[in-house]
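Data block for protein-v5.txt (compact mmCIF, C-alpha atoms and all ligand atoms):
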```txt
# COMPACT_ATOMS: atom_id res chain seq x y z
CA MET F 1 40.78 85.04 36.35
CA PRO F 2 43.41 82.92 34.50
CA SER F 3 46.27 84.72 32.77
CA LEU F 4 46.75 84.42 29.00
CA ALA F 5 50.31 85.79 29.21
CA THR F 6 53.05 83.68 27.63
CA THR F 7 56.61 84.04 26.40
CA LEU F 8 58.60 83.36 23.25
CA GLY F 9 62.15 83.24 24.56
CA PRO F 10 62.83 86.71 26.01
CA LEU F 11 59.67 88.24 24.49
CA ARG F 12 56.64 88.53 26.80
CA LEU F 13 53.21 88.35 25.13
CA PRO F 14 49.95 89.37 26.85
CA SER F 15 48.12 86.67 24.85
CA PRO F 16 49.36 83.59 22.92
CA PHE F 17 47.50 84.60 19.73
CA VAL F 18 49.80 86.28 17.19
CA LEU F 19 49.04 87.78 13.78
CA ALA F 20 50.93 85.69 11.15
CA SER F 21 53.04 87.43 8.50
CA GLY F 22 51.34 88.39 5.24
CA ILE F 23 47.81 89.06 6.48
CA LEU F 24 46.83 92.65 7.38
CA GLY F 25 50.52 93.26 8.09
CA THR F 26 51.53 95.88 5.52
CA TYR F 27 49.97 99.05 6.94
CA GLU F 28 50.09 100.67 10.36
CA ALA F 29 46.28 101.07 10.42
CA SER F 30 45.56 97.36 9.91
CA LEU F 31 48.27 96.34 12.40
CA LEU F 32 46.68 98.68 14.97
CA ARG F 33 43.24 97.16 14.32
CA VAL F 34 44.63 93.69 15.01
CA ALA F 35 46.37 94.90 18.17
CA ALA F 36 43.17 96.60 19.36
CA ALA F 37 41.32 93.29 18.94
CA GLY F 38 43.68 91.76 21.51
CA ALA F 39 46.42 90.00 19.53
CA GLY F 40 49.38 89.08 21.75
CA ALA F 41 51.78 90.29 19.02
CA VAL F 42 51.61 91.30 15.37
CA THR F 43 53.95 90.14 12.62
CA THR F 44 54.51 92.45 9.67
CA LYS F 45 54.35 91.30 6.03
CA SER F 46 57.85 90.13 4.96
CA CYS F 47 59.92 93.01 3.61
CA SER F 48 62.99 93.04 1.37
CA LEU F 49 65.64 95.73 0.82
CA ALA F 50 64.07 97.03 -2.40
CA PRO F 51 60.33 97.33 -3.07
CA ARG F 52 58.81 94.30 -4.84
CA ALA F 53 55.70 94.23 -7.00
CA GLY F 54 55.12 90.50 -6.44
CA HIS F 55 53.25 88.26 -8.88
CA PRO F 56 50.40 89.57 -11.06
CA THR F 57 46.79 88.80 -10.07
CA PRO F 58 45.13 86.40 -9.56
CA CYS F 59 47.60 85.61 -6.78
CA VAL F 60 45.34 84.69 -3.82
CA LEU F 61 42.52 82.17 -4.16
CA PRO F 62 40.17 81.15 -1.32
CA TRP F 63 40.27 77.36 -1.13
CA ARG F 64 37.84 75.42 1.12
CA GLY F 65 38.69 76.78 4.56
CA GLY F 66 41.98 78.29 3.52
CA PHE F 67 43.85 79.80 0.64
CA ILE F 68 46.32 79.04 -2.09
CA ASN F 69 48.53 82.06 -2.73
CA ALA F 70 51.46 83.18 -4.79
CA VAL F 71 51.61 86.82 -3.74
CA GLY F 72 55.34 86.71 -4.51
CA LEU F 73 56.42 88.75 -1.47
CA SER F 74 55.14 92.12 -2.68
CA ASN F 75 56.23 94.81 -0.23
CA PRO F 76 57.19 98.50 -0.17
CA GLY F 77 60.87 97.88 0.70
CA VAL F 78 62.77 98.34 3.94
CA ALA F 79 62.78 102.17 4.04
CA GLU F 80 58.95 102.38 3.93
CA GLU F 81 58.57 99.37 6.22
CA ALA F 82 60.78 101.03 8.85
CA LYS F 83 58.34 103.99 8.85
CA VAL F 84 55.42 101.60 9.49
CA VAL F 85 57.28 99.93 12.37
CA ARG F 86 58.20 103.29 13.95
CA ALA F 87 54.64 104.63 13.63
CA PHE F 88 53.14 101.47 15.14
CA LYS F 89 55.60 101.43 18.04
CA ALA F 90 54.98 105.12 18.74
CA SER F 91 51.29 104.48 19.42
CA CYS F 92 50.92 100.85 20.54
CA ARG F 93 52.48 98.64 23.22
CA THR F 94 51.62 95.33 21.54
CA PRO F 95 54.87 93.55 20.59
CA LEU F 96 55.73 93.83 16.88
CA ILE F 97 57.67 91.08 15.11
CA ALA F 98 59.24 92.33 11.87
CA SER F 99 59.43 89.71 9.12
CA VAL F 100 62.25 90.11 6.60
CA PHE F 101 63.22 88.37 3.42
CA GLY F 102 66.61 88.56 1.65
CA ALA F 103 68.48 86.85 -1.17
CA THR F 104 71.78 86.43 0.72
CA PRO F 105 72.96 86.20 4.37
CA GLU F 106 74.28 89.78 4.02
CA GLU F 107 70.85 91.04 2.95
CA PHE F 108 69.18 89.27 5.88
CA ALA F 109 71.72 90.89 8.23
CA GLN F 110 71.09 94.36 6.79
CA LEU F 111 67.30 93.92 7.02
CA ALA F 112 67.45 92.59 10.57
CA ALA F 113 69.56 95.56 11.71
CA ALA F 114 67.20 98.04 10.00
CA MET F 115 64.13 96.55 11.69
CA ALA F 116 65.86 96.54 15.09
CA ASP F 117 66.80 100.22 14.57
CA ALA F 118 63.17 101.00 13.73
CA GLY F 119 62.11 99.59 17.10
CA ALA F 120 60.81 96.10 16.25
CA ASP F 121 60.48 93.90 19.35
CA ALA F 122 61.80 90.89 17.40
CA VAL F 123 62.96 90.01 13.89
CA GLU F 124 61.59 86.98 12.03
CA LEU F 125 63.56 85.58 9.10
CA ASN F 126 61.30 84.38 6.31
CA VAL F 127 63.56 81.71 4.82
CA SER F 128 60.66 79.55 3.74
CA CYS F 129 58.43 81.17 1.10
CA PRO F 130 57.58 78.53 -1.53
CA ASN F 131 56.29 81.01 -4.13
CA VAL F 132 59.50 82.66 -5.28
CA GLN F 133 61.55 79.55 -6.06
CA SER F 134 61.80 80.34 -9.78
CA GLU F 135 63.41 83.66 -8.81
CA PHE F 136 65.54 82.73 -5.78
CA GLY F 137 66.02 78.95 -6.03
CA THR F 138 65.55 76.47 -3.19
CA PRO F 139 64.41 78.24 0.01
CA PHE F 140 67.13 78.58 2.69
CA ALA F 141 64.88 76.56 5.00
CA ALA F 142 65.50 73.48 2.84
CA ASP F 143 69.31 73.68 2.95
CA ALA F 144 70.96 73.24 6.37
CA ALA F 145 74.26 74.93 5.42
CA ALA F 146 72.53 77.97 3.89
CA LEU F 147 70.12 78.19 6.83
CA LYS F 148 73.06 78.20 9.25
CA ARG F 149 74.75 81.07 7.36
CA VAL F 150 71.59 83.19 7.20
CA THR F 151 70.77 82.69 10.90
CA ALA F 152 74.34 83.41 12.00
CA ALA F 153 74.50 86.60 9.91
CA ALA F 154 71.21 87.94 11.32
CA LYS F 155 72.15 87.02 14.90
CA LYS F 156 75.42 88.92 14.55
CA ALA F 157 73.59 91.94 13.13
CA LEU F 158 71.26 91.93 16.17
CA ALA F 159 74.02 91.48 18.78
CA HIS F 160 74.33 95.23 19.32
CA SER F 161 70.60 95.85 19.96
CA GLY F 162 69.91 92.50 21.65
CA THR F 163 66.68 92.22 19.61
CA PRO F 164 65.36 88.63 19.72
CA LEU F 165 65.64 86.55 16.54
CA ALA F 166 63.07 84.09 15.18
CA VAL F 167 63.38 81.87 12.10
CA LYS F 168 60.34 80.72 10.14
CA LEU F 169 60.73 77.13 8.96
CA SER F 170 59.08 75.14 6.22
CA LEU F 171 58.00 71.53 5.69
CA GLN F 172 59.86 71.69 2.39
CA CYS F 173 62.98 69.97 3.82
CA ALA F 174 64.14 66.48 4.79
CA SER F 175 63.66 66.99 8.55
CA ILE F 176 62.16 70.10 10.17
CA GLY F 177 63.50 68.94 13.56
CA GLU F 178 67.01 68.94 12.11
CA MET F 179 66.51 72.46 10.68
CA ALA F 180 65.31 73.65 14.09
CA ARG F 181 68.51 72.25 15.64
CA VAL F 182 70.56 74.21 13.08
CA VAL F 183 68.95 77.57 13.92
CA GLU F 184 68.98 76.88 17.67
CA GLY F 185 72.73 76.27 17.34
CA GLU F 186 73.13 79.73 15.75
CA GLY F 187 71.26 81.49 18.54
CA ALA F 188 67.67 81.73 17.24
CA ASP F 189 65.44 82.65 20.19
CA TRP F 190 62.46 80.75 18.76
CA VAL F 191 61.23 79.11 15.59
CA VAL F 192 58.02 79.74 13.69
CA ALA F 193 56.47 76.67 12.08
CA ILE F 194 55.26 76.55 9.38
CA ASN F 195 55.05 78.67 6.25
CA THR F 196 52.50 77.76 3.56
CA VAL F 197 52.77 74.21 2.23
CA GLY F 198 53.50 73.02 -1.25
CA PRO F 199 53.50 74.59 -3.63
CA GLY F 200 50.14 73.31 -4.79
CA MET F 201 47.92 74.07 -7.76
CA VAL F 202 44.25 74.71 -8.44
CA ILE F 203 42.99 74.21 -12.01
CA ASP F 204 39.80 75.79 -13.32
CA PRO F 205 37.75 72.76 -14.39
CA GLU F 206 36.01 74.80 -17.09
CA THR F 207 39.08 76.09 -18.91
CA GLY F 208 41.48 73.38 -17.74
CA ARG F 209 44.08 76.05 -16.90
CA PRO F 210 45.79 76.83 -13.55
CA VAL F 211 43.95 79.66 -11.78
CA LEU F 212 46.92 81.49 -10.22
CA SER F 213 49.02 83.64 -12.55
CA ASN F 214 52.08 81.93 -11.02
CA LYS F 215 50.33 78.55 -11.59
CA ARG F 216 51.75 77.20 -8.30
CA GLY F 217 51.03 78.62 -4.85
CA GLY F 218 51.42 77.93 -1.13
CA VAL F 219 48.49 76.21 0.61
CA SER F 220 47.30 77.50 4.00
CA GLY F 221 44.33 77.21 6.36
CA THR F 222 42.43 74.24 7.78
CA ALA F 223 43.86 71.77 5.24
CA ILE F 224 47.38 72.17 6.66
CA LEU F 225 46.52 71.93 10.39
CA PRO F 226 47.67 68.28 10.80
CA LEU F 227 50.89 69.06 8.91
CA ALA F 228 51.62 72.08 11.11
CA VAL F 229 50.82 70.17 14.32
CA ARG F 230 53.20 67.39 13.27
CA ALA F 231 55.89 69.97 12.46
CA VAL F 232 55.56 71.54 15.92
CA TYR F 233 55.69 68.06 17.50
CA ASP F 234 58.87 67.14 15.56
CA ILE F 235 60.59 70.40 16.55
CA ARG F 236 59.72 69.97 20.23
CA GLU F 237 61.06 66.40 20.08
CA ALA F 238 64.33 67.53 18.44
CA CYS F 239 64.78 70.71 20.52
CA PRO F 240 62.92 70.40 23.84
CA HIS F 241 64.04 73.85 25.05
CA LEU F 242 63.52 75.89 21.86
CA PRO F 243 60.33 78.00 22.01
CA ILE F 244 57.89 77.47 19.12
CA LEU F 245 55.39 79.86 17.54
CA ALA F 246 52.98 77.45 15.80
CA THR F 247 51.55 78.70 12.52
CA GLY F 248 49.22 76.75 10.30
CA GLY F 249 45.55 75.94 10.08
CA ALA F 250 44.36 77.36 13.39
CA SER F 251 40.90 78.92 13.47
CA ARG F 252 39.20 77.22 16.44
CA LEU F 253 40.21 76.86 20.08
CA GLU F 254 40.49 73.08 19.58
CA ASP F 255 43.14 73.72 16.87
CA VAL F 256 45.07 75.95 19.26
CA LEU F 257 44.93 73.29 21.99
CA GLN F 258 46.49 70.81 19.53
CA HIS F 259 49.35 73.23 18.79
CA PHE F 260 49.92 73.78 22.53
CA ALA F 261 49.94 70.03 23.18
CA ALA F 262 52.45 69.51 20.35
CA GLY F 263 54.77 72.00 22.06
CA ALA F 264 53.91 75.55 20.96
CA GLY F 265 54.01 78.39 23.49
CA ALA F 266 52.04 80.69 21.16
CA VAL F 267 49.99 80.30 17.97
CA ALA F 268 49.99 82.61 14.95
CA ILE F 269 46.84 82.93 12.86
CA GLY F 270 46.90 83.78 9.15
CA SER F 271 44.16 82.49 6.85
CA ALA F 272 41.49 82.58 9.55
CA VAL F 273 42.16 86.30 10.08
CA ALA F 274 41.61 86.87 6.37
CA ASP F 275 38.33 84.99 6.75
CA GLU F 276 36.96 86.25 10.09
CA GLY F 277 38.78 89.58 10.51
CA PRO F 278 40.67 90.84 13.59
CA ALA F 279 37.71 89.87 15.83
CA ILE F 280 39.12 86.32 15.81
CA PHE F 281 41.70 87.48 18.38
CA THR F 282 38.97 88.65 20.77
CA ARG F 283 36.99 85.43 20.30
CA LEU F 284 39.94 83.06 20.81
CA ALA F 285 41.16 84.95 23.90
CA LYS F 286 37.70 84.70 25.49
CA GLU F 287 37.38 81.00 24.60
CA LEU F 288 40.85 80.22 25.98
CA GLU F 289 40.10 82.06 29.23
CA GLU F 290 36.92 80.01 29.64
CA GLU F 291 38.81 76.80 28.85
CA LEU F 292 41.51 77.56 31.45
CA SER F 293 38.83 78.31 34.07
CA ARG F 294 36.97 75.08 33.20
CA ARG F 295 40.20 73.12 33.73
CA GLY F 296 41.10 75.05 36.89
CA LEU F 297 44.36 76.34 35.35
CA GLY F 298 45.99 79.71 36.05
CA ASN F 299 47.85 79.90 32.71
CA ILE F 300 48.60 77.90 29.55
CA ALA F 301 51.86 76.30 30.80
CA PRO F 302 50.30 72.94 31.78
CA LEU F 303 48.79 72.64 28.28
CA VAL F 304 52.14 73.04 26.45
CA GLY F 305 53.90 69.85 25.30
CA ARG F 306 51.31 67.42 26.72
CA ALA F 307 51.51 65.25 23.60
CA HIS F 308 55.09 64.31 24.54
CA ALA F 309 54.25 62.90 27.98
C1 LIG V 1 47.96 85.66 1.41
C2 LIG V 1 49.10 85.17 2.26
C3 LIG V 1 50.31 85.90 2.28
C4 LIG V 1 51.38 85.46 3.07
N1 LIG V 1 52.53 86.19 3.11
C5 LIG V 1 53.54 85.79 3.92
C6 LIG V 1 54.73 86.59 4.05
O1 LIG V 1 54.87 87.67 3.47
N2 LIG V 1 55.71 86.11 4.86
C7 LIG V 1 55.61 84.94 5.57
O2 LIG V 1 56.54 84.56 6.31
N3 LIG V 1 54.49 84.17 5.47
C8 LIG V 1 53.48 84.57 4.67
N4 LIG V 1 52.33 83.81 4.60
C9 LIG V 1 52.25 82.55 5.37
C10 LIG V 1 51.53 82.74 6.71
O3 LIG V 1 52.21 83.63 7.56
C11 LIG V 1 51.37 81.38 7.43
O4 LIG V 1 52.65 80.84 7.70
C12 LIG V 1 50.59 80.34 6.61
O5 LIG V 1 49.54 80.95 5.90
C13 LIG V 1 50.05 79.24 7.49
O6 LIG V 1 49.19 79.76 8.49
P1 LIG V 1 47.56 79.78 8.32
O7 LIG V 1 47.15 78.38 7.97
O8 LIG V 1 47.04 80.25 9.66
O9 LIG V 1 47.27 80.73 7.22
C14 LIG V 1 51.25 84.24 3.81
C15 LIG V 1 50.04 83.53 3.78
C16 LIG V 1 48.96 83.97 3.03
C17 LIG V 1 47.68 83.18 3.02
```
Could you write out this file's structure as structure tokens?
Ligand SMILES: Cc1cc2nc3c(=O)[nH]c(=O)nc-3n(C[C@H](O)[C@H](O)[C@H](O)COP(=O)(O)O)c2cc1C
Amino acid sequence: MPSLATTLGPLRLPSPFVLASGILGTYEASLLRVAAAGAGAVTTKSCSLAPRAGHPTPCVLPWRGGFINAVGLSNPGVAEEAKVVRAFKASCRTPLIASVFGATPEEFAQLAAAMADAGADAVELNVSCPNVQSEFGTPFAADAAALKRVTAAAKKALAHSGTPLAVKLSLQCASIGEMARVVEGEGADWVVAINTVGPGMVIDPETGRPVLSNKRGGVSGTAILPLAVRAVYDIREACPHLPILATGGASRLEDVLQHFAAGAGAVAIGSAVADEGPAIFTRLAKELEEELSRRGLGNIAPLVGRAHA
């Protein structure tokens, strides 16, 4: 039987399929359901120091095989989130990646330390949400100097615990490969690519008005697969030794194989989980096992980075 086990830097995953941040990631019960379905790791919904209400509804719109959303990073705040992380870790061995979102490097450092204290297996910096620009300005992921400061601050805050650090990048920058080099230089253990794309807009043809309350929202799902695959490829080219958690547009095994070939060692699934439910993790694991057997492979390693040969 082939093994699905993989690694993201120092973190060992029993399967390469990871729950992406923002989908079923707020409550312990839904995280446990995803873990029980066989996810290799779960990522929590991004949390900030204080609770946030997010944008008013409508803030998530299904859009032809994906979504456009401007949830606006609603979350219960770090104190409540730490309880969720502790409860999950007390009853489940599946690795938990805690996603955090701050307004300054100091806030990112504080959040990273709090999640490490709560027992998270890794901390993921969400520096790339496109839906809160009116509130927070250009995302850190689009500004190399700011990105360097945020990554350095979080890395320092995690030095004591040794908790691995991931940084989630965005296509909203001049060169995603260059941004990956910046975070690798500050000690990021892996990068996550990509966040939602855009922002975009959907207009109700009847009324002629934007559908989302925020008007603009991040686009996800099948439509962004080629963009995410190209982002993973660019990062692998720029940083051949930096592990990559691909995120964007994956719902079928053939999508996952593209992400592996581009250079990803694991693939996070977001929109397709919203669509198909946690069972997608069981399905993809079975399909990947069959694919490895068909190719006579013992693990996914030979499939990773093939596009660069
Ligand atoms: C409704 C929704 C909420 C999201 N919330 C977050 C979030 O809180 N933090 C984050 O880093 N990404 C968030 N994302 C982005 C996803 O984690 C992922 O990067 C993106 O959707 C692309 O993957 P997909 O095509 O598989 O959905 C959200 C996406 C959706 C659709």
Please find the residues contacting ligand LIG 1 (chain V) at a distance of at most 6 Å between atoms, with only C-alpha atoms and all ligand atoms counted, and report them as a short mmCIF file (atom, residue, chain, number, x, y, z; two decimals) with C-alpha atoms, keeping the file's coordinate frame.
```cif
data_model
loop_
_atom_site.label_atom_id
_atom_site.label_comp_id
_atom_site.auth_asym_id
_atom_site.auth_seq_id
_atom_site.Cartn_x
_atom_site.Cartn_y
_atom_site.Cartn_z
CA ALA F 20 50.93 85.69 11.15
CA SER F 21 53.04 87.43 8.50
CA GLY F 22 51.34 88.39 5.24
CA ILE F 23 47.81 89.06 6.48
CA LYS F 45 54.35 91.30 6.03
CA SER F 46 57.85 90.13 4.96
CA VAL F 60 45.34 84.69 -3.82
CA PHE F 67 43.85 79.80 0.64
CA ASN F 69 48.53 82.06 -2.73
CA LEU F 73 56.42 88.75 -1.47
CA ASN F 126 61.30 84.38 6.31
CA ILE F 194 55.26 76.55 9.38
CA ASN F 195 55.05 78.67 6.25
CA THR F 196 52.50 77.76 3.56
CA SER F 220 47.30 77.50 4.00
CA GLY F 221 44.33 77.21 6.36
CA THR F 247 51.55 78.70 12.52
CA GLY F 248 49.22 76.75 10.30
CA GLY F 249 45.55 75.94 10.08
CA ALA F 250 44.36 77.36 13.39
CA ILE F 269 46.84 82.93 12.86
CA GLY F 270 46.90 83.78 9.15
CA SER F 271 44.16 82.49 6.85
#
```
(Q) With only C-alpha atoms as the counted atoms, please give the residues lying no more than 12 Å from F:Leu31, apart from itself and same-chain residues fewer than 4 positions off, as a VMD selection string. (A) chain F and resid 18 to 27 35 to 45 84 to 85 87 to 89 91 to 98 273 277 to 278
(request) Grab the atom CA of F:Gly200 to atom CA of F:Val219 distance for me, in Å with one decimal place. (result)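 Atom-to-atom, atom CA of F:Gly200 and atom CA of F:Val219 are spaced 6.3 Å apart.
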So that all listed atoms of stretch 40-55 of chain F fit with 3 Å spare on each side, what axis-aligned box centre and edge lengths in Å, to one decimal, would you give as AutoDock Vina command-line options?
```
--center_x 57.5 --center_y 92.8 --center_z 6.4 --size_x 22.3 --size_y 15.1 --size_z 36.6
```
* Contacts of F:Ala141 at 12 Å or less, counting all atoms listed in the file, minus same-chain residues fewer than 2 places along, as a ChimeraX atom specification? -> /F:125-130,133,137-139,143-151,167-180,182-183,191-195
In Å and to one decimal, atom CA of F:Pro76 is distant from atom CA of F:Ala272 by 24.4 Å
Correct to one decimal, the distance atom CA of F:Gln258-atom CA of F:Leu165 is 25.0 Å
Find the residues around F:Ser3 up to 8 Å (all atoms listed in the file counted), leave out those fewer than 4 positions away in its own chain, and share them as a PyMOL selection string. chain F and resi 289+298-300
- Which is closer to F:Ala223 than all the others in F:Arg52, F:His308, F:Arg64, F:His160, using all atoms listed in the file?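 Comparing F:Arg52, F:His308, F:Arg64, F:His160 against F:Ala223, the winner is F:Arg64.
Restricting the calculation to all atoms listed in the file, the smallest distance between F:Asp275 and any of F:Ser251, F:Ala116, F:His259, F:Leu212 is found for F:Ser251.
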Report task. Scan for residues within 7 Å of the point (53.9, 87.4, -6.0) in the coordinates of the file, using all atoms listed in the file, and reply as a ChimeraX atom specification. Result -> /F:54-56,59,70-74
What would the list of residues within 9 Å of (44.4, 87.0, 27.3) (file frame) look like as JSON, numbers by chain, if all atoms listed in the file are what count? {"F": [2, 3, 4, 5, 14, 15, 16, 17, 38, 39, 40, 282, 284, 285, 286, 288, 289]}
Using only C-alpha atoms, the residue out of F:Val229, F:Cys239, F:Ala301, F:Leu13 with shortest distance to F:Trp190 is F:Cys239
